[in-house]
Structures are given as C-alpha cells and as structure tokens.
file data27.cif (mmCIF, C-alpha atoms and all ligand atoms)
data_query
#
loop_
_atom_site.group_PDB
_atom_site.id
_atom_site.type_symbol
_atom_site.label_atom_id
_atom_site.label_comp_id
_atom_site.auth_asym_id
_atom_site.auth_seq_id
_atom_site.Cartn_x
_atom_site.Cartn_y
_atom_site.Cartn_z
ATOM 1 C CA MET A 1 -109.131 -93.354 -40.897
ATOM 2 C CA ASN A 2 -111.729 -90.594 -41.067
ATOM 3 C CA THR A 3 -114.073 -91.468 -43.937
ATOM 4 C CA ASP A 4 -115.569 -88.004 -44.572
ATOM 5 C CA ASN A 5 -115.146 -86.688 -48.111
ATOM 6 C CA CYS A 6 -113.037 -83.559 -48.076
ATOM 7 C CA ILE A 7 -113.282 -82.864 -51.822
ATOM 8 C CA THR A 8 -115.970 -84.121 -54.202
ATOM 9 C CA LEU A 9 -115.974 -83.444 -57.941
ATOM 10 C CA GLU A 10 -119.247 -84.027 -59.805
ATOM 11 C CA ASN A 11 -119.380 -84.005 -63.615
ATOM 12 C CA VAL A 12 -116.568 -81.476 -63.701
ATOM 13 C CA ALA A 13 -114.974 -80.249 -66.933
ATOM 14 C CA ILE A 14 -111.711 -78.293 -66.735
ATOM 15 C CA GLY A 15 -109.832 -76.085 -69.168
ATOM 16 C CA TYR A 16 -109.167 -72.496 -70.162
ATOM 17 C CA SER A 17 -111.340 -69.810 -71.806
ATOM 18 C CA GLY A 18 -114.230 -72.243 -72.280
ATOM 19 C CA LYS A 19 -112.044 -74.815 -74.095
ATOM 20 C CA VAL A 20 -112.392 -78.184 -72.359
ATOM 21 C CA LEU A 21 -109.221 -80.158 -71.569
ATOM 22 C CA VAL A 22 -110.722 -82.958 -69.453
ATOM 23 C CA LYS A 23 -114.411 -83.700 -68.938
ATOM 24 C CA ASP A 24 -116.741 -85.949 -66.911
ATOM 25 C CA ILE A 25 -114.509 -85.801 -63.844
ATOM 26 C CA ASN A 26 -116.154 -87.623 -60.959
ATOM 27 C CA PHE A 27 -114.222 -88.583 -57.859
ATOM 28 C CA SER A 28 -113.903 -87.750 -54.213
ATOM 29 C CA LEU A 29 -111.042 -87.546 -51.780
ATOM 30 C CA LYS A 30 -111.663 -88.812 -48.300
ATOM 31 C CA ALA A 31 -109.932 -87.168 -45.361
ATOM 32 C CA GLY A 32 -106.610 -88.912 -44.752
ATOM 33 C CA GLU A 33 -106.355 -90.555 -48.193
ATOM 34 C CA PHE A 34 -103.180 -90.625 -50.283
ATOM 35 C CA VAL A 35 -104.058 -90.254 -53.958
ATOM 36 C CA VAL A 36 -101.729 -90.291 -56.954
ATOM 37 C CA LEU A 37 -102.574 -88.371 -60.138
ATOM 38 C CA PHE A 38 -101.070 -89.719 -63.277
ATOM 39 C CA GLY A 39 -101.156 -88.849 -66.973
ATOM 40 C CA PRO A 40 -99.067 -87.772 -69.963
ATOM 41 C CA ASN A 41 -97.531 -84.287 -70.153
ATOM 42 C CA GLY A 42 -100.054 -81.670 -71.187
ATOM 43 C CA SER A 43 -103.034 -83.869 -70.252
ATOM 44 C CA GLY A 44 -104.334 -81.419 -67.630
ATOM 45 C CA LYS A 45 -102.952 -82.546 -64.246
ATOM 46 C CA THR A 46 -101.782 -79.083 -63.164
ATOM 47 C CA THR A 47 -105.019 -77.607 -64.519
ATOM 48 C CA LEU A 48 -106.966 -80.051 -62.336
ATOM 49 C CA PHE A 49 -104.933 -78.914 -59.311
ATOM 50 C CA LYS A 50 -105.552 -75.243 -60.165
ATOM 51 C CA THR A 51 -109.280 -75.955 -60.461
ATOM 52 C CA ILE A 52 -109.386 -77.800 -57.121
ATOM 53 C CA LEU A 53 -107.436 -74.902 -55.562
ATOM 54 C CA ARG A 54 -110.030 -72.423 -56.983
ATOM 55 C CA ILE A 55 -107.327 -70.597 -58.988
ATOM 56 C CA ILE A 56 -109.441 -71.182 -62.110
ATOM 57 C CA PRO A 57 -113.160 -72.049 -62.205
ATOM 58 C CA PRO A 58 -114.457 -75.364 -63.552
ATOM 59 C CA ILE A 59 -116.006 -75.005 -67.020
ATOM 60 C CA GLN A 60 -118.810 -77.347 -65.951
ATOM 61 C CA GLY A 61 -119.951 -79.272 -62.895
ATOM 62 C CA SER A 62 -119.377 -78.657 -59.214
ATOM 63 C CA ILE A 63 -116.703 -79.137 -56.589
ATOM 64 C CA ARG A 64 -117.758 -79.586 -52.969
ATOM 65 C CA TYR A 65 -115.316 -78.909 -50.174
ATOM 66 C CA GLY A 66 -115.248 -80.100 -46.624
ATOM 67 C CA ASP A 67 -118.636 -81.762 -46.127
ATOM 68 C CA GLY A 68 -118.814 -79.832 -42.866
ATOM 69 C CA HIS A 69 -115.077 -79.599 -42.152
ATOM 70 C CA PRO A 70 -112.905 -76.733 -43.403
ATOM 71 C CA THR A 71 -110.466 -77.670 -46.170
ATOM 72 C CA ARG A 72 -107.135 -75.848 -45.980
ATOM 73 C CA PHE A 73 -104.802 -76.435 -48.886
ATOM 74 C CA GLY A 74 -101.029 -76.558 -49.047
ATOM 75 C CA TYR A 75 -99.738 -76.463 -52.625
ATOM 76 C CA VAL A 76 -96.324 -77.595 -53.802
ATOM 77 C CA PRO A 77 -95.977 -76.384 -57.408
ATOM 78 C CA GLN A 78 -93.412 -77.729 -59.841
ATOM 79 C CA ARG A 79 -89.976 -76.555 -58.697
ATOM 80 C CA GLN A 80 -89.197 -74.513 -61.801
ATOM 81 C CA PHE A 81 -92.196 -72.252 -61.142
ATOM 82 C CA LEU A 82 -90.369 -70.432 -58.312
ATOM 83 C CA ASP A 83 -88.520 -67.477 -59.794
ATOM 84 C CA GLU A 84 -84.898 -67.767 -58.668
ATOM 85 C CA ILE A 85 -83.882 -64.276 -59.800
ATOM 86 C CA TYR A 86 -84.897 -62.916 -56.387
ATOM 87 C CA PRO A 87 -82.254 -63.705 -53.739
ATOM 88 C CA PHE A 88 -84.626 -65.294 -51.213
ATOM 89 C CA THR A 89 -83.211 -67.233 -48.311
ATOM 90 C CA VAL A 90 -84.687 -70.607 -47.385
ATOM 91 C CA GLU A 91 -86.390 -69.028 -44.384
ATOM 92 C CA GLU A 92 -87.969 -66.290 -46.535
ATOM 93 C CA VAL A 93 -89.355 -68.842 -48.999
ATOM 94 C CA VAL A 94 -91.005 -70.788 -46.170
ATOM 95 C CA LEU A 95 -92.311 -67.563 -44.615
ATOM 96 C CA MET A 96 -94.287 -66.966 -47.842
ATOM 97 C CA GLY A 97 -96.529 -69.822 -46.696
ATOM 98 C CA THR A 98 -97.756 -67.690 -43.778
ATOM 99 C CA PHE A 99 -98.624 -64.614 -45.869
ATOM 100 C CA GLY A 100 -102.229 -65.757 -46.356
ATOM 101 C CA GLN A 101 -102.857 -65.302 -42.617
ATOM 102 C CA ALA A 102 -100.703 -62.144 -42.251
ATOM 103 C CA LYS A 103 -102.080 -58.675 -41.473
ATOM 104 C CA PRO A 104 -101.054 -56.070 -44.094
ATOM 105 C CA PHE A 105 -98.146 -53.753 -43.138
ATOM 106 C CA CYS A 106 -97.481 -55.610 -39.863
ATOM 107 C CA PRO A 107 -94.099 -57.182 -39.078
ATOM 108 C CA THR A 108 -93.936 -60.979 -39.009
ATOM 109 C CA PRO A 109 -95.110 -62.094 -35.547
ATOM 110 C CA LYS A 110 -92.656 -64.154 -33.479
ATOM 111 C CA THR A 111 -95.122 -67.058 -33.460
ATOM 112 C CA ASN A 112 -94.815 -67.245 -37.275
ATOM 113 C CA ARG A 113 -91.001 -67.388 -36.990
ATOM 114 C CA VAL A 114 -91.307 -70.245 -34.496
ATOM 115 C CA TRP A 115 -93.801 -71.980 -36.770
ATOM 116 C CA ILE A 116 -91.592 -71.790 -39.883
ATOM 117 C CA GLU A 117 -88.692 -73.201 -37.852
ATOM 118 C CA GLN A 118 -90.947 -76.131 -36.978
ATOM 119 C CA CYS A 119 -91.861 -76.596 -40.669
ATOM 120 C CA LEU A 120 -88.174 -76.516 -41.621
ATOM 121 C CA LYS A 121 -87.433 -79.042 -38.885
ATOM 122 C CA ASP A 122 -90.221 -81.308 -40.189
ATOM 123 C CA VAL A 123 -88.541 -81.474 -43.611
ATOM 124 C CA GLY A 124 -85.020 -81.822 -42.138
ATOM 125 C CA MET A 125 -83.801 -78.434 -43.423
ATOM 126 C CA LEU A 126 -83.496 -76.216 -40.330
ATOM 127 C CA ASP A 127 -79.692 -76.039 -40.609
ATOM 128 C CA LEU A 128 -79.964 -74.481 -44.087
ATOM 129 C CA ARG A 129 -82.413 -71.722 -43.120
ATOM 130 C CA LYS A 130 -79.999 -68.831 -43.834
ATOM 131 C CA LYS A 131 -78.853 -70.198 -47.217
ATOM 132 C CA LEU A 132 -80.047 -68.829 -50.531
ATOM 133 C CA PHE A 133 -82.815 -70.949 -52.052
ATOM 134 C CA SER A 134 -81.184 -70.685 -55.489
ATOM 135 C CA GLU A 135 -78.010 -72.372 -54.171
ATOM 136 C CA LEU A 136 -79.738 -75.559 -53.011
ATOM 137 C CA SER A 137 -79.824 -78.922 -54.790
ATOM 138 C CA GLY A 138 -83.045 -80.050 -56.496
ATOM 139 C CA GLY A 139 -83.955 -82.365 -53.610
ATOM 140 C CA GLN A 140 -83.291 -79.652 -51.012
ATOM 141 C CA LYS A 141 -85.390 -77.120 -52.956
ATOM 142 C CA GLN A 142 -88.202 -79.642 -53.025
ATOM 143 C CA ARG A 143 -88.063 -80.011 -49.236
ATOM 144 C CA ILE A 144 -88.221 -76.227 -48.837
ATOM 145 C CA LEU A 145 -91.283 -75.991 -51.099
ATOM 146 C CA ILE A 146 -92.914 -78.710 -49.007
ATOM 147 C CA ALA A 147 -92.038 -76.709 -45.841
ATOM 148 C CA ARG A 148 -93.625 -73.610 -47.419
ATOM 149 C CA ALA A 149 -96.811 -75.572 -48.119
ATOM 150 C CA LEU A 150 -96.808 -76.889 -44.521
ATOM 151 C CA ALA A 151 -96.493 -73.302 -43.272
ATOM 152 C CA THR A 152 -100.061 -72.659 -44.510
ATOM 153 C CA ARG A 153 -101.235 -75.221 -41.884
ATOM 154 C CA PRO A 154 -102.996 -77.399 -44.465
ATOM 155 C CA ASN A 155 -105.089 -80.487 -44.000
ATOM 156 C CA VAL A 156 -104.868 -81.251 -47.740
ATOM 157 C CA LEU A 157 -101.526 -81.178 -49.530
ATOM 158 C CA LEU A 158 -101.348 -81.062 -53.342
ATOM 159 C CA LEU A 159 -97.906 -81.854 -54.778
ATOM 160 C CA ASP A 160 -97.133 -81.344 -58.470
ATOM 161 C CA GLU A 161 -94.287 -83.627 -59.620
ATOM 162 C CA PRO A 162 -92.291 -83.404 -56.375
ATOM 163 C CA ILE A 163 -89.724 -85.993 -57.493
ATOM 164 C CA THR A 164 -89.244 -85.077 -61.152
ATOM 165 C CA GLY A 165 -85.694 -84.144 -62.138
ATOM 166 C CA ILE A 166 -83.907 -85.151 -58.946
ATOM 167 C CA ASP A 167 -81.560 -88.093 -58.430
ATOM 168 C CA ILE A 168 -82.970 -91.475 -57.468
ATOM 169 C CA ILE A 169 -81.764 -91.402 -53.837
ATOM 170 C CA ALA A 170 -83.267 -87.930 -53.300
ATOM 171 C CA GLN A 171 -86.498 -89.193 -54.949
ATOM 172 C CA LYS A 172 -86.724 -92.068 -52.471
ATOM 173 C CA LYS A 173 -86.106 -89.729 -49.537
ATOM 174 C CA ILE A 174 -88.727 -87.206 -50.695
ATOM 175 C CA ILE A 175 -91.314 -89.998 -50.988
ATOM 176 C CA GLU A 176 -90.351 -91.140 -47.466
ATOM 177 C CA LEU A 177 -90.794 -87.564 -46.221
ATOM 178 C CA ILE A 178 -94.220 -87.176 -47.880
ATOM 179 C CA THR A 179 -95.269 -90.561 -46.457
ATOM 180 C CA GLU A 180 -94.144 -89.512 -42.973
ATOM 181 C CA LEU A 181 -96.035 -86.190 -43.213
ATOM 182 C CA HIS A 182 -99.121 -88.039 -44.430
ATOM 183 C CA LYS A 183 -99.004 -90.320 -41.386
ATOM 184 C CA LYS A 184 -97.706 -87.922 -38.714
ATOM 185 C CA ARG A 185 -99.765 -84.854 -39.646
ATOM 186 C CA ARG A 186 -102.719 -86.929 -40.921
ATOM 187 C CA LEU A 187 -102.632 -84.976 -44.180
ATOM 188 C CA THR A 188 -104.809 -85.833 -47.143
ATOM 189 C CA ILE A 189 -102.399 -86.012 -50.058
ATOM 190 C CA MET A 190 -102.821 -85.728 -53.809
ATOM 191 C CA MET A 191 -99.580 -86.068 -55.725
ATOM 192 C CA VAL A 192 -98.738 -85.890 -59.412
ATOM 193 C CA THR A 193 -95.895 -88.137 -60.488
ATOM 194 C CA HIS A 194 -94.599 -89.933 -63.553
ATOM 195 C CA GLU A 195 -92.329 -92.164 -61.484
ATOM 196 C CA VAL A 196 -94.445 -95.328 -61.233
ATOM 197 C CA HIS A 197 -91.763 -97.301 -59.365
ATOM 198 C CA HIS A 198 -91.826 -94.769 -56.509
ATOM 199 C CA ILE A 199 -95.574 -94.976 -55.900
ATOM 200 C CA PRO A 200 -96.088 -96.660 -52.511
ATOM 201 C CA SER A 201 -98.090 -99.896 -52.963
ATOM 202 C CA TRP A 202 -100.522 -98.876 -50.179
ATOM 203 C CA VAL A 203 -101.800 -95.647 -51.821
ATOM 204 C CA ASN A 204 -105.597 -95.398 -51.580
ATOM 205 C CA LYS A 205 -106.449 -94.306 -55.103
ATOM 206 C CA ILE A 206 -104.780 -93.796 -58.455
ATOM 207 C CA ILE A 207 -106.349 -91.332 -60.847
ATOM 208 C CA HIS A 208 -105.247 -91.337 -64.456
ATOM 209 C CA ILE A 209 -106.046 -88.690 -67.045
ATOM 210 C CA HIS A 210 -106.421 -90.772 -70.178
ATOM 211 C CA HIS A 211 -107.753 -89.481 -73.485
ATOM 212 C CA TYR A 212 -109.401 -86.384 -71.954
ATOM 213 C CA LYS A 213 -111.135 -88.396 -69.233
ATOM 214 C CA VAL A 214 -110.396 -89.405 -65.686
ATOM 215 C CA VAL A 215 -109.976 -93.131 -64.963
ATOM 216 C CA LEU A 216 -109.674 -94.581 -61.452
ATOM 217 C CA GLY A 217 -107.808 -97.833 -61.026
ATOM 218 C CA SER A 218 -105.210 -99.999 -59.325
ATOM 219 C CA LEU A 219 -101.502 -99.386 -59.797
ATOM 220 C CA GLU A 220 -101.288 -102.300 -62.288
ATOM 221 C CA GLU A 221 -104.258 -101.063 -64.349
ATOM 222 C CA ILE A 222 -102.862 -97.565 -64.475
ATOM 223 C CA ILE A 223 -99.393 -98.774 -65.490
ATOM 224 C CA SER A 224 -100.883 -100.684 -68.424
ATOM 225 C CA LEU A 225 -102.915 -97.622 -69.456
ATOM 226 C CA SER A 226 -99.793 -95.450 -69.298
ATOM 227 C CA ARG A 227 -97.996 -97.951 -71.584
ATOM 228 C CA ILE A 228 -100.834 -97.493 -74.078
ATOM 229 C CA ASP A 229 -100.234 -93.722 -73.858
ATOM 230 C CA GLU A 230 -96.596 -94.299 -74.832
ATOM 231 C CA ILE A 231 -97.457 -96.255 -78.023
ATOM 232 C CA PRO A 232 -96.951 -93.850 -80.955
ATOM 233 C CA THR A 233 -100.112 -93.306 -82.988
ATOM 234 C CA GLU A 234 -100.010 -93.712 -86.775
ATOM 235 C CA GLY A 235 -99.984 -90.738 -89.084
HETATM 236 P P1 LIG A 301 -99.961 -81.311 -67.256
HETATM 237 O O1 LIG A 301 -99.871 -80.777 -65.850
HETATM 238 O O2 LIG A 301 -100.741 -82.601 -67.337
HETATM 239 O O3 LIG A 301 -98.624 -81.453 -67.904
HETATM 240 P P2 LIG A 301 -101.268 -78.752 -67.785
HETATM 241 O O4 LIG A 301 -102.482 -78.836 -66.935
HETATM 242 O O5 LIG A 301 -100.128 -77.929 -67.286
HETATM 243 O O6 LIG A 301 -100.771 -80.244 -68.133
HETATM 244 O O7 LIG A 301 -101.630 -78.192 -69.209
HETATM 245 C C1 LIG A 301 -102.648 -78.785 -69.999
HETATM 246 C C2 LIG A 301 -102.820 -77.975 -71.261
HETATM 247 O O8 LIG A 301 -103.328 -76.678 -70.935
HETATM 248 C C3 LIG A 301 -101.531 -77.755 -72.044
HETATM 249 O O9 LIG A 301 -101.809 -77.896 -73.409
HETATM 250 C C4 LIG A 301 -101.146 -76.323 -71.705
HETATM 251 O O10 LIG A 301 -100.435 -75.725 -72.747
HETATM 252 C C5 LIG A 301 -102.511 -75.665 -71.519
HETATM 253 N N1 LIG A 301 -102.465 -74.524 -70.594
HETATM 254 C C6 LIG A 301 -101.810 -74.486 -69.401
HETATM 255 N N2 LIG A 301 -101.984 -73.269 -68.803
HETATM 256 C C7 LIG A 301 -102.774 -72.541 -69.645
HETATM 257 C C8 LIG A 301 -103.313 -71.218 -69.579
HETATM 258 N N3 LIG A 301 -103.084 -70.396 -68.547
HETATM 259 N N4 LIG A 301 -104.095 -70.821 -70.614
HETATM 260 C C9 LIG A 301 -104.353 -71.631 -71.671
HETATM 261 N N5 LIG A 301 -103.864 -72.898 -71.794
HETATM 262 C C10 LIG A 301 -103.090 -73.359 -70.791
#

call {"tool": "encode", "arguments": {"input": "data27.cif", "output": "structure tokens", "more": "lines below"}}
Ligand code: ADP
result
Amino acid sequence: MNTDNCITLENVAIGYSGKVLVKDINFSLKAGEFVVLFGPNGSGKTTLFKTILRIIPPIQGSIRYGDGHPTRFGYVPQRQFLDEIYPFTVEEVVLMGTFGQAKPFCPTPKTNRVWIEQCLKDVGMLDLRKKLFSELSGGQKQRILIARALATRPNVLLLDEPITGIDIIAQKKIIELITELHKKRRLTIMMVTHEVHHIPSWVNKIIHIHHYKVVLGSLEEIISLSRIDEIPTEG
C-alpha cells in the first residue's frame, strides 16, 4: 500500500457561522486506506465531510491535501439529498459526475458517454441506464450515486451513510461493492455508517465523533464508546 498521506487535518475545528461543532480534529488519511467515520446523529459527520470537500471552511486549523499528489474527490451524499421531483434517468444522474470537467455550452463528448457506461458497469447497473432514478429501489439508487461519484474519476471516495435505510441483503451487497472498488480501483475510502456489524474487520482506521471531539480506535473500542452514547443522560 502507498503510505503517502492524502489528507491531513491539524487542530481543525468545524461548524457553521463561527459556532464550533467538533474541535481538536487531528488525523490523516493515507492513500489506499479504508476509514470508517462513526458518531451519533447530529454530531457533525456530514459537516466534517463538507469541510474536507472544501464546501465549507474550517473554523480553525488546517487541512493539507495530496502531499505532492493531486486529491480528486468522489462524494456520495445521503440518498435523500437527491431531489426526485426532476425526472432524471439513471444515465443522466451518473452524467452529472462528469459536469465538473465539462466545457460550458458544449454537448456531452462521446468519451464521457463511454465512461459513464463503464461506471454503470462497475456498479452492476448498466441494464437499468434508461430507467427513471426515482423508480429504483433504495439499494439500486445507492449504486447509481456511487456510479456518479466514480464518474468524477476520484482517488478518494467519501460515502455518507451508503447503507442506511436499505434491506440487510442490499446492505451486504453495497459493502461488497465498496470493498471491491476500494481494492480494484485502489480508492482511498472514508465512509459514514451506523451499521457496526457491516464494518469489515480489516478496515484501517475507525474515527468516532464523541462528545464534540474526534477519537481514533479499534472496532471494539468504538463499539463500546457508541454504547455509552446510547445511555440516556439524567435530567
Ligand atoms: P451528522 O452528519 O453527524 O448527523 P451534521 O454534520 O449533518 O450531523 O449536522 C451537525 C449539526 O450541524 C446539526 O445540529 C445540524 O442541524 C447542524 N447543521 C447542519 N447543516 C447546517 C447549516 N448549513 N447551517 C447551520 N447548522 C447546520
């Protein structure tokens, strides 16, 4: 495995409008690592992703990217964040992933069409490319959002709760798909999940947001911390 750091956070505080949600964040992601981000609802996991993706600035501290190598992100947001009012086909949703590299007012080049077919193939969804996104099952939608993230040609993939709200068989298959992409495409992966039993035992790092701070630990340590989070506080 390549041991270069592709993202390094030093004394970072995150939040909105100057109000700190999580502080003293110090960790790095090495190229090729698979990292799981864990923590109660509302603790700041999505905010941490948005900060790493430069959608919002850190309130304090610094984030270093690449250490000499370009970092290209693919982002898989929570499924419900894609507005289903628009009648997009599967193919059109995946095509959105190429817009960052597109020239304004130019038709989609044929190479992009070929590329999105490859991304759809990689997630096992090529046959459904003409279907409406809104008509798919939860697990299928998740695969399409992963294909859209792959269409950006990332070397780092951030996935926000990719297996929440889908049935247990689909959950297992999505984890298998993410694992395969991690290995085949040598992607660095950071994934938010609440489903402890689906976390592969070989993951490189588990990061837990616990009481406004970031804690790094083993799967067992993090599970016991998350049990503490579930204990109701008095008053
Ligand atoms: P998690 O992903 O761990 O469930 P989030 O990072 O989505 O948590 O949210 C953390 C907190 O930040 C929540 O209290 C949420 O209401 C708040 N929050 C999220 N987005 C914004 C925003 N754009 N402006 C202000 N507060 C926000």

call {"tool": "residues_around", "arguments": {"input": "data27.cif", "residues": "Glu195 of chain A", "least_positions_apart": "4", "cutoff": "8 Å", "atoms": "all atoms listed in the file", "output": "PyMOL selection string"}}
result
chain A and resi 163-164+199

call {"tool": "residues_near_ligand", "arguments": {"input": "data27.cif", "ligand": "ligand LIG 301 (chain A)", "cutoff": "7 Å", "atoms": "all atoms listed in the file", "output": "ChimeraX atom specification"}}
result
/A:15-16,21,39-48

call {"tool": "atom_distance", "arguments": {"input": "data27.cif", "atom1": "atom CA of Trp115 of chain A", "atom2": "atom CA of Arg129 of chain A"}}
result
13.0 Å

call {"tool": "closest_residue", "arguments": {"input": "data27.cif", "among": "A:Ser218, A:Gly138, A:Val123, A:Leu128", "to": "Glu176 of chain A", "atoms": "all atoms listed in the file"}}
result
A:Val123

call {"tool": "resolve_selection", "arguments": {"input": "data27.cif", "expression": "the PyMOL selection byres (((chain A and resi 90-92) around 8) and not hetatm)", "output": "compact mmCIF listing (two decimals) with C-alpha atoms, in the frame of the given file"}}
result
# COMPACT_ATOMS: atom_id res chain seq x y z
CA PHE A 88 -84.63 -65.29 -51.21
CA THR A 89 -83.21 -67.23 -48.31
CA VAL A 93 -89.36 -68.84 -49.00
CA VAL A 94 -91.00 -70.79 -46.17
CA LEU A 95 -92.31 -67.56 -44.62
CA MET A 96 -94.29 -66.97 -47.84
CA ILE A 116 -91.59 -71.79 -39.88
CA LEU A 128 -79.96 -74.48 -44.09
CA ARG A 129 -82.41 -71.72 -43.12
CA LYS A 130 -80.00 -68.83 -43.83
CA LYS A 131 -78.85 -70.20 -47.22
CA LEU A 132 -80.05 -68.83 -50.53
CA PHE A 133 -82.82 -70.95 -52.05
CA ILE A 144 -88.22 -76.23 -48.84

call {"tool": "resolve_selection", "arguments": {"input": "data27.cif", "expression": "the PyMOL selection byres (((chain A and resi 51) around 12) and not hetatm)", "output": "PyMOL selection string"}}
result
chain A and resi 7+9+12-16+21-22+25+44-50+52-64+158

call {"tool": "resolve_selection", "arguments": {"input": "data27.cif", "expression": "the PyMOL selection byres (((chain A and resi 213) around 9) and not hetatm)", "output": "ChimeraX atom specification"}}
result
/A:21-25,208-212,214-215

call {"tool": "residues_around", "arguments": {"input": "data27.cif", "residues": "Glu161 of chain A", "least_positions_apart": "4", "cutoff": "6 Å", "atoms": "all atoms listed in the file", "output": "mmCIF file with C-alpha atoms, keeping the file's coordinate frame"}}
result
data_model
loop_
_atom_site.group_PDB
_atom_site.id
_atom_site.type_symbol
_atom_site.label_atom_id
_atom_site.label_comp_id
_atom_site.auth_asym_id
_atom_site.auth_seq_id
_atom_site.Cartn_x
_atom_site.Cartn_y
_atom_site.Cartn_z
ATOM 1 C CA GLN A 78 -93.412 -77.729 -59.841
ATOM 2 C CA VAL A 192 -98.738 -85.890 -59.412
ATOM 3 C CA THR A 193 -95.895 -88.137 -60.488
#

call {"tool": "residues_near_point", "arguments": {"input": "data27.cif", "point": "(-110.8, -93.7, -53.9)", "cutoff": "7 Å", "atoms": "only C-alpha atoms", "output": "PyMOL selection string"}}
result
chain A and resi 28-29+204-205

call {"tool": "closest_residue", "arguments": {"input": "data27.cif", "among": "A:Val20, A:Leu219, A:Met191, A:Leu177", "to": "Val36 of chain A", "atoms": "all atoms listed in the file"}}
result
A:Met191

call {"tool": "residues_around", "arguments": {"input": "data27.cif", "residues": "segment 184-190 of chain A", "least_positions_apart": "5", "cutoff": "8 Å", "atoms": "only C-alpha atoms", "output": "NGL selection string"}}
result
:A and (29-37 or 154-159)

call {"tool": "atom_distance", "arguments": {"input": "data27.cif", "atom1": "atom CA of Tyr75 of chain A", "atom2": "atom CA of Ala149 of chain A"}}
result
5.4 Å

call {"tool": "atom_distance", "arguments": {"input": "data27.cif", "atom1": "atom CA of Glu180 of chain A", "atom2": "atom CA of Thr98 of chain A"}}
result
22.1 Å

call {"tool": "axis_aligned_box", "arguments": {"input": "data27.cif", "around": "segment 183-194 of chain A", "padding_each_side": "4 Å", "output": "JSON"}}
result
{"center_x": -99.7, "center_y": -87.6, "center_z": -51.1, "size_x": 18.2, "size_y": 13.5, "size_z": 32.8}

call {"tool": "residues_around", "arguments": {"input": "data27.cif", "residues": "Pro162 of chain A", "least_positions_apart": "5", "cutoff": "9 Å", "atoms": "all atoms listed in the file", "output": "VMD selection string"}}
result
chain A and resid 76 to 79 139 142 to 143 146 171 174 to 175 191 to 193

call {"tool": "write_last_selection", "arguments": {"input": "data27.cif", "atoms": "C-alpha atoms", "output": "PDB file, keeping the file's coordinate frame"}}
result
ATOM      1  CA  VAL A  76     -96.324 -77.595 -53.802  1.00  0.00           C
ATOM      2  CA  PRO A  77     -95.977 -76.384 -57.408  1.00  0.00           C
ATOM      3  CA  GLN A  78     -93.412 -77.729 -59.841  1.00  0.00           C
ATOM      4  CA  ARG A  79     -89.976 -76.555 -58.697  1.00  0.00           C
ATOM      5  CA  GLY A 139     -83.955 -82.365 -53.610  1.00  0.00           C
ATOM      6  CA  GLN A 142     -88.202 -79.642 -53.025  1.00  0.00           C
ATOM      7  CA  ARG A 143     -88.063 -80.011 -49.236  1.00  0.00           C
ATOM      8  CA  ILE A 146     -92.914 -78.710 -49.007  1.00  0.00           C
ATOM      9  CA  GLN A 171     -86.498 -89.193 -54.949  1.00  0.00           C
ATOM     10  CA  ILE A 174     -88.727 -87.206 -50.695  1.00  0.00           C
ATOM     11  CA  ILE A 175     -91.314 -89.998 -50.988  1.00  0.00           C
ATOM     12  CA  MET A 191     -99.580 -86.068 -55.725  1.00  0.00           C
ATOM     13  CA  VAL A 192     -98.738 -85.890 -59.412  1.00  0.00           C
ATOM     14  CA  THR A 193     -95.895 -88.137 -60.488  1.00  0.00           C
TER      15      THR A 193
END

call {"tool": "residues_near_point", "arguments": {"input": "data27.cif", "point": "(-109.3, -93.9, -58.5)", "cutoff": "6 Å", "atoms": "all atoms listed in the file", "output": "list in words"}}
result
Lys205, Ile206, Ile207, Leu216 and Gly217 of chain A

call {"tool": "closest_residue", "arguments": {"input": "data27.cif", "among": "A:Val203, A:Phe73, A:His194, A:Lys183", "to": "Leu150 of chain A", "atoms": "only C-alpha atoms"}}
result
A:Phe73

call {"tool": "decode", "arguments": {"input": "data27.cif", "residues": "segment 23-33 of chain A", "atoms": "N, CA, C and O atoms", "output": "mmCIF file, in the first residue's frame"}}
result
data_model
loop_
_atom_site.group_PDB
_atom_site.id
_atom_site.type_symbol
_atom_site.label_atom_id
_atom_site.label_comp_id
_atom_site.auth_asym_id
_atom_site.auth_seq_id
_atom_site.Cartn_x
_atom_site.Cartn_y
_atom_site.Cartn_z
ATOM 1 N N LYS A 23 -14.135 19.983 17.702
ATOM 2 C CA LYS A 23 -12.851 20.697 17.717
ATOM 3 C C LYS A 23 -11.689 19.718 17.916
ATOM 4 O O LYS A 23 -11.909 18.520 18.136
ATOM 5 N N ASP A 24 -10.477 20.255 17.836
ATOM 6 C CA ASP A 24 -9.246 19.467 18.028
ATOM 7 C C ASP A 24 -9.215 18.224 17.146
ATOM 8 O O ASP A 24 -8.910 17.123 17.623
ATOM 9 N N ILE A 25 -9.558 18.390 15.872
ATOM 10 C CA ILE A 25 -9.554 17.237 14.971
ATOM 11 C C ILE A 25 -8.153 17.079 14.383
ATOM 12 O O ILE A 25 -7.645 17.976 13.716
ATOM 13 N N ASN A 26 -7.550 15.939 14.692
ATOM 14 C CA ASN A 26 -6.208 15.642 14.192
ATOM 15 C C ASN A 26 -6.190 14.217 13.666
ATOM 16 O O ASN A 26 -6.277 13.282 14.453
ATOM 17 N N PHE A 27 -6.134 14.057 12.377
ATOM 18 C CA PHE A 27 -5.907 12.719 11.821
ATOM 19 C C PHE A 27 -5.470 12.866 10.379
ATOM 20 O O PHE A 27 -5.591 13.948 9.782
ATOM 21 N N SER A 28 -4.937 11.777 9.851
ATOM 22 C CA SER A 28 -4.601 11.807 8.422
ATOM 23 C C SER A 28 -5.114 10.546 7.763
ATOM 24 O O SER A 28 -5.348 9.527 8.423
ATOM 25 N N LEU A 29 -5.330 10.662 6.470
ATOM 26 C CA LEU A 29 -5.750 9.522 5.664
ATOM 27 C C LEU A 29 -4.603 9.204 4.734
ATOM 28 O O LEU A 29 -4.126 10.089 4.023
ATOM 29 N N LYS A 30 -4.169 7.974 4.772
ATOM 30 C CA LYS A 30 -3.106 7.581 3.837
ATOM 31 C C LYS A 30 -3.736 7.078 2.552
ATOM 32 O O LYS A 30 -4.844 6.522 2.573
ATOM 33 N N ALA A 31 -3.027 7.272 1.449
ATOM 34 C CA ALA A 31 -3.547 6.799 0.159
ATOM 35 C C ALA A 31 -3.821 5.304 0.250
ATOM 36 O O ALA A 31 -2.996 4.540 0.743
ATOM 37 N N GLY A 32 -5.005 4.899 -0.160
ATOM 38 C CA GLY A 32 -5.367 3.480 -0.188
ATOM 39 C C GLY A 32 -6.009 2.977 1.102
ATOM 40 O O GLY A 32 -6.397 1.814 1.175
ATOM 41 N N GLU A 33 -6.153 3.849 2.113
ATOM 42 C CA GLU A 33 -6.778 3.396 3.363
ATOM 43 C C GLU A 33 -8.303 3.328 3.237
ATOM 44 O O GLU A 33 -8.906 4.033 2.421
#
